[in-house]
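*Asks:* Sending over a structure as structure tokens; questions will come in a sec.
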Amino acid sequence: MDSSQQDISETRRSSLFDYSEVVTLMVGKGKRTTQHCFSASLPRLCSESPYFKDRLFGDHQEARDRNIQFGTIDPRTVVCMLYWFRGWTCPYCHEDAHHIVDSYVLAQKYNIPRFKSDLVREMQTVLDNNAADTSVLSCFVHLYRVLPDDSQLFDLLHRHLLDELKALLPILAQVYQPSLAKHLRDLLALKGEKLSEIKALLGHAYQHRSALDAADLTRPFDTLSPKPPDTKSHQNRFTTSFDSIRGDCITSSTTLPFSELMNEQRASKHGKHKIIPR
């Protein structure tokens with residue numbers, strides 16, 4: 001093969017395997033073998049994020065190495081971001097509200113506005129499909145702790161919680177779930193003007209609640225402490241008597257999932273009373 005043919009061959013090879021516009025995203029710390037590495041398009045990253053544009057074209061180490069270090073975060077949040085960059089749907093967003101919050105925090109940190117807006121829409125879908133999911137409380141607490149309370153996602157969760165708590169007040173005085181009590185204690189420990197309405201609703205409910213000690217609920221709850229020993233047997237379950245609930249839904253003390261209780265409450269509000277079998 002003469003030199004001209006060799007040059008042509010090298011040119012074709014370089015055009016087929018051009019990595020000049022590929023950025024490596026690295027999650028985790030330590031040796032490369034213990035990290036999660038992902039490839040991303042340089043133009044796409046920079047077109048959506050002023051942060052990436054500055055780091056990858058400015059006088060920074062990332063521009064020279066063509067990689068971004070994300071540190072010790074959940075790799076699924078970076079996967080979610082890459083799904084979004086490629087126009088795909090993230091499978092985790094449909095089933096995990098906590099994952100949406102973590103991905104939103106990532107989008108906020110790396111300044112990806114359109115990604116944040118789409119995550120807010122994903123959260124709205126999750127809330128519509130799982131309106132009575134108590135994990136929303138813990139999502140709200142986590143988001144409030146790590147981000148300012150003027151975010152779009154905060155406003156969405158705040159409105160949702162206000163609506164849900166108002167619907168819960170007629171039965172909140174008679175139901176008990178240890179994990180829910182933990183989330184409520186975490187929420188009451190937060191500070192901020194935007195939380196005043198939620199705290200007022202909770203304060204009213206706990207004044208008329210015999211199952212929990214109102215004074216104890218005002219103390220901050222250590223999120224790292226072990227759960228009460230009876231938490232496992234009551235996880236995601238409520239035990240309640242419907243005798244005092246407004247409407248024709250009368251039954252003896254029955255154990256039901258939280259979602260069924262909420263559906264029962266909504267049905268009674270609209271005059272659609274359902275008799276629960278004994």
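As shown in the structure tokens, the chain order sets the letters A, B, ...; within each chain, residues go from 1, and ligands are also counted from 1 in the order they appear.
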Might you pull out every residue within 12 Å of Val78 in chain A, with only C-alpha atoms counted and same-chain residues fewer than 5 positions away left off, and present them as number ranges by chain?
*Replies:* A: 24-28, 36-40, 68-73, 83-85, 90, 92, 99-100, 102-107, 110, 115
*Asks:* Output C-alpha atoms of each residue in that selection to a file, as a CSV table (one decimal), in the first residue's frame.
*Replies:*
```
chain,number,residue,atom,x,y,z
A,24,THR,CA,-16.9,10.8,29.6
A,25,LEU,CA,-19.2,11.2,32.6
A,26,MET,CA,-17.8,9.5,35.7
A,27,VAL,CA,-19.8,8.6,38.8
A,28,GLY,CA,-18.2,7.5,42.0
A,36,HIS,CA,-19.5,4.1,36.6
A,37,CYS,CA,-18.5,5.6,33.2
A,38,PHE,CA,-20.9,6.9,30.6
A,39,SER,CA,-20.4,8.5,27.2
A,40,ALA,CA,-22.2,11.7,26.1
A,68,ILE,CA,-17.0,15.3,34.0
A,69,GLN,CA,-16.7,14.0,37.6
A,70,PHE,CA,-20.1,13.7,39.3
A,71,GLY,CA,-18.8,12.3,42.6
A,72,THR,CA,-20.7,9.8,44.8
A,73,ILE,CA,-24.3,10.2,43.6
A,83,TYR,CA,-32.0,9.3,28.6
A,84,TRP,CA,-33.3,12.8,28.4
A,85,PHE,CA,-30.4,14.1,26.3
A,90,CYS,CA,-36.4,7.2,31.7
A,92,TYR,CA,-37.3,4.9,36.7
A,99,HIS,CA,-35.7,9.3,41.8
A,100,ILE,CA,-37.4,12.3,40.1
A,102,ASP,CA,-32.7,13.2,42.9
A,103,SER,CA,-32.6,13.8,39.2
A,104,TYR,CA,-34.1,17.3,39.7
A,105,VAL,CA,-31.4,18.1,42.2
A,106,LEU,CA,-28.8,17.0,39.6
A,107,ALA,CA,-30.5,19.2,36.9
A,110,TYR,CA,-25.6,21.4,36.5
A,115,PHE,CA,-34.5,18.8,31.9
```
*Asks:* Give me the residues near range 148-158 of chain A as a list in words, where near means some atom within 9 Å (using only C-alpha atoms) and where sequence neighbours in that chain fewer than 3 positions away do not count.
*Replies:*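 Once the adjacent positions are removed, what remains is Val101, Tyr104, Lys116, Ser117, Leu119, Val120, Met123, Gln124, Leu127, Val136, Leu137, Cys139, Phe140, Leu143, Tyr144, Arg145, Leu161, Leu162, Asp163, Gly192, Lys194, Leu195 and Ile198 of chain A.
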*Asks:* State, in Å with one decimal place, the distance from CA of Thr34 in chain A to CA of Asn67 in chain A.
*Replies:*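 Atom-to-atom, CA of Thr34 in chain A and CA of Asn67 in chain A are spaced 16.1 Å apart.
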*Asks:* Quick one: DSSP helix (DSSP H, G or I) residues in range 109-140 of chain A, as a PyMOL selection string?
*Replies:* chain A and resi 109+113-129+135-140
*Asks:* Write a file of the selected residues as a PDB file, in the first residue's frame, keeping N, CA and C atoms.
*Replies:*
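The resulting file, out-v3.pdb, is shown below:
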```pdb
ATOM      1  N   LYS A 109     -28.183  21.477  39.907  1.00  0.00           N
ATOM      2  CA  LYS A 109     -26.757  21.682  40.160  1.00  0.00           C
ATOM      3  C   LYS A 109     -25.988  21.964  38.877  1.00  0.00           C
ATOM      4  N   PRO A 113     -32.055  23.648  32.464  1.00  0.00           N
ATOM      5  CA  PRO A 113     -33.429  24.123  32.696  1.00  0.00           C
ATOM      6  C   PRO A 113     -34.510  23.254  32.064  1.00  0.00           C
ATOM      7  N   ARG A 114     -34.331  22.850  30.814  1.00  0.00           N
ATOM      8  CA  ARG A 114     -35.389  22.079  30.151  1.00  0.00           C
ATOM      9  C   ARG A 114     -35.541  20.696  30.780  1.00  0.00           C
ATOM     10  N   PHE A 115     -34.457  20.133  31.239  1.00  0.00           N
ATOM     11  CA  PHE A 115     -34.517  18.849  31.940  1.00  0.00           C
ATOM     12  C   PHE A 115     -35.337  18.992  33.219  1.00  0.00           C
ATOM     13  N   LYS A 116     -35.144  20.085  33.941  1.00  0.00           N
ATOM     14  CA  LYS A 116     -35.920  20.330  35.157  1.00  0.00           C
ATOM     15  C   LYS A 116     -37.413  20.431  34.851  1.00  0.00           C
ATOM     16  N   SER A 117     -37.756  21.146  33.805  1.00  0.00           N
ATOM     17  CA  SER A 117     -39.173  21.312  33.455  1.00  0.00           C
ATOM     18  C   SER A 117     -39.816  19.974  33.117  1.00  0.00           C
ATOM     19  N   ASP A 118     -39.085  19.131  32.387  1.00  0.00           N
ATOM     20  CA  ASP A 118     -39.627  17.817  32.039  1.00  0.00           C
ATOM     21  C   ASP A 118     -39.766  16.930  33.274  1.00  0.00           C
ATOM     22  N   LEU A 119     -38.861  17.062  34.227  1.00  0.00           N
ATOM     23  CA  LEU A 119     -38.968  16.288  35.464  1.00  0.00           C
ATOM     24  C   LEU A 119     -40.175  16.723  36.289  1.00  0.00           C
ATOM     25  N   VAL A 120     -40.492  18.007  36.253  1.00  0.00           N
ATOM     26  CA  VAL A 120     -41.696  18.485  36.942  1.00  0.00           C
ATOM     27  C   VAL A 120     -42.935  17.841  36.328  1.00  0.00           C
ATOM     28  N   ARG A 121     -42.962  17.746  35.000  1.00  0.00           N
ATOM     29  CA  ARG A 121     -44.094  17.087  34.333  1.00  0.00           C
ATOM     30  C   ARG A 121     -44.151  15.599  34.690  1.00  0.00           C
ATOM     31  N   GLU A 122     -42.990  14.966  34.796  1.00  0.00           N
ATOM     32  CA  GLU A 122     -42.954  13.555  35.199  1.00  0.00           C
ATOM     33  C   GLU A 122     -43.521  13.390  36.608  1.00  0.00           C
ATOM     34  N   MET A 123     -43.152  14.296  37.500  1.00  0.00           N
ATOM     35  CA  MET A 123     -43.663  14.220  38.868  1.00  0.00           C
ATOM     36  C   MET A 123     -45.168  14.425  38.901  1.00  0.00           C
ATOM     37  N   GLN A 124     -45.677  15.323  38.079  1.00  0.00           N
ATOM     38  CA  GLN A 124     -47.119  15.539  38.022  1.00  0.00           C
ATOM     39  C   GLN A 124     -47.838  14.258  37.610  1.00  0.00           C
ATOM     40  N   THR A 125     -47.267  13.534  36.650  1.00  0.00           N
ATOM     41  CA  THR A 125     -47.846  12.264  36.219  1.00  0.00           C
ATOM     42  C   THR A 125     -47.841  11.250  37.352  1.00  0.00           C
ATOM     43  N   VAL A 126     -46.732  11.172  38.073  1.00  0.00           N
ATOM     44  CA  VAL A 126     -46.643  10.244  39.202  1.00  0.00           C
ATOM     45  C   VAL A 126     -47.676  10.594  40.267  1.00  0.00           C
ATOM     46  N   LEU A 127     -47.835  11.873  40.559  1.00  0.00           N
ATOM     47  CA  LEU A 127     -48.808  12.298  41.567  1.00  0.00           C
ATOM     48  C   LEU A 127     -50.231  11.996  41.123  1.00  0.00           C
ATOM     49  N   ASP A 128     -50.508  12.177  39.842  1.00  0.00           N
ATOM     50  CA  ASP A 128     -51.851  11.892  39.336  1.00  0.00           C
ATOM     51  C   ASP A 128     -52.182  10.404  39.432  1.00  0.00           C
ATOM     52  N   ASN A 129     -51.175   9.566  39.206  1.00  0.00           N
ATOM     53  CA  ASN A 129     -51.398   8.119  39.209  1.00  0.00           C
ATOM     54  C   ASN A 129     -51.303   7.508  40.600  1.00  0.00           C
ATOM     55  N   SER A 135     -45.003   8.411  50.171  1.00  0.00           N
ATOM     56  CA  SER A 135     -43.600   8.745  49.900  1.00  0.00           C
ATOM     57  C   SER A 135     -43.446  10.191  49.443  1.00  0.00           C
ATOM     58  N   VAL A 136     -44.543  10.817  49.007  1.00  0.00           N
ATOM     59  CA  VAL A 136     -44.474  12.218  48.592  1.00  0.00           C
ATOM     60  C   VAL A 136     -44.020  13.098  49.754  1.00  0.00           C
ATOM     61  N   LEU A 137     -44.430  12.746  50.957  1.00  0.00           N
ATOM     62  CA  LEU A 137     -44.003  13.509  52.132  1.00  0.00           C
ATOM     63  C   LEU A 137     -42.490  13.492  52.289  1.00  0.00           C
ATOM     64  N   SER A 138     -41.888  12.312  52.193  1.00  0.00           N
ATOM     65  CA  SER A 138     -40.434  12.225  52.348  1.00  0.00           C
ATOM     66  C   SER A 138     -39.722  12.889  51.183  1.00  0.00           C
ATOM     67  N   CYS A 139     -40.298  12.814  49.971  1.00  0.00           N
ATOM     68  CA  CYS A 139     -39.729  13.524  48.813  1.00  0.00           C
ATOM     69  C   CYS A 139     -39.712  15.028  49.062  1.00  0.00           C
ATOM     70  N   PHE A 140     -40.816  15.528  49.592  1.00  0.00           N
ATOM     71  CA  PHE A 140     -40.938  16.956  49.859  1.00  0.00           C
ATOM     72  C   PHE A 140     -39.892  17.402  50.879  1.00  0.00           C
TER      73      PHE A 140
END
```
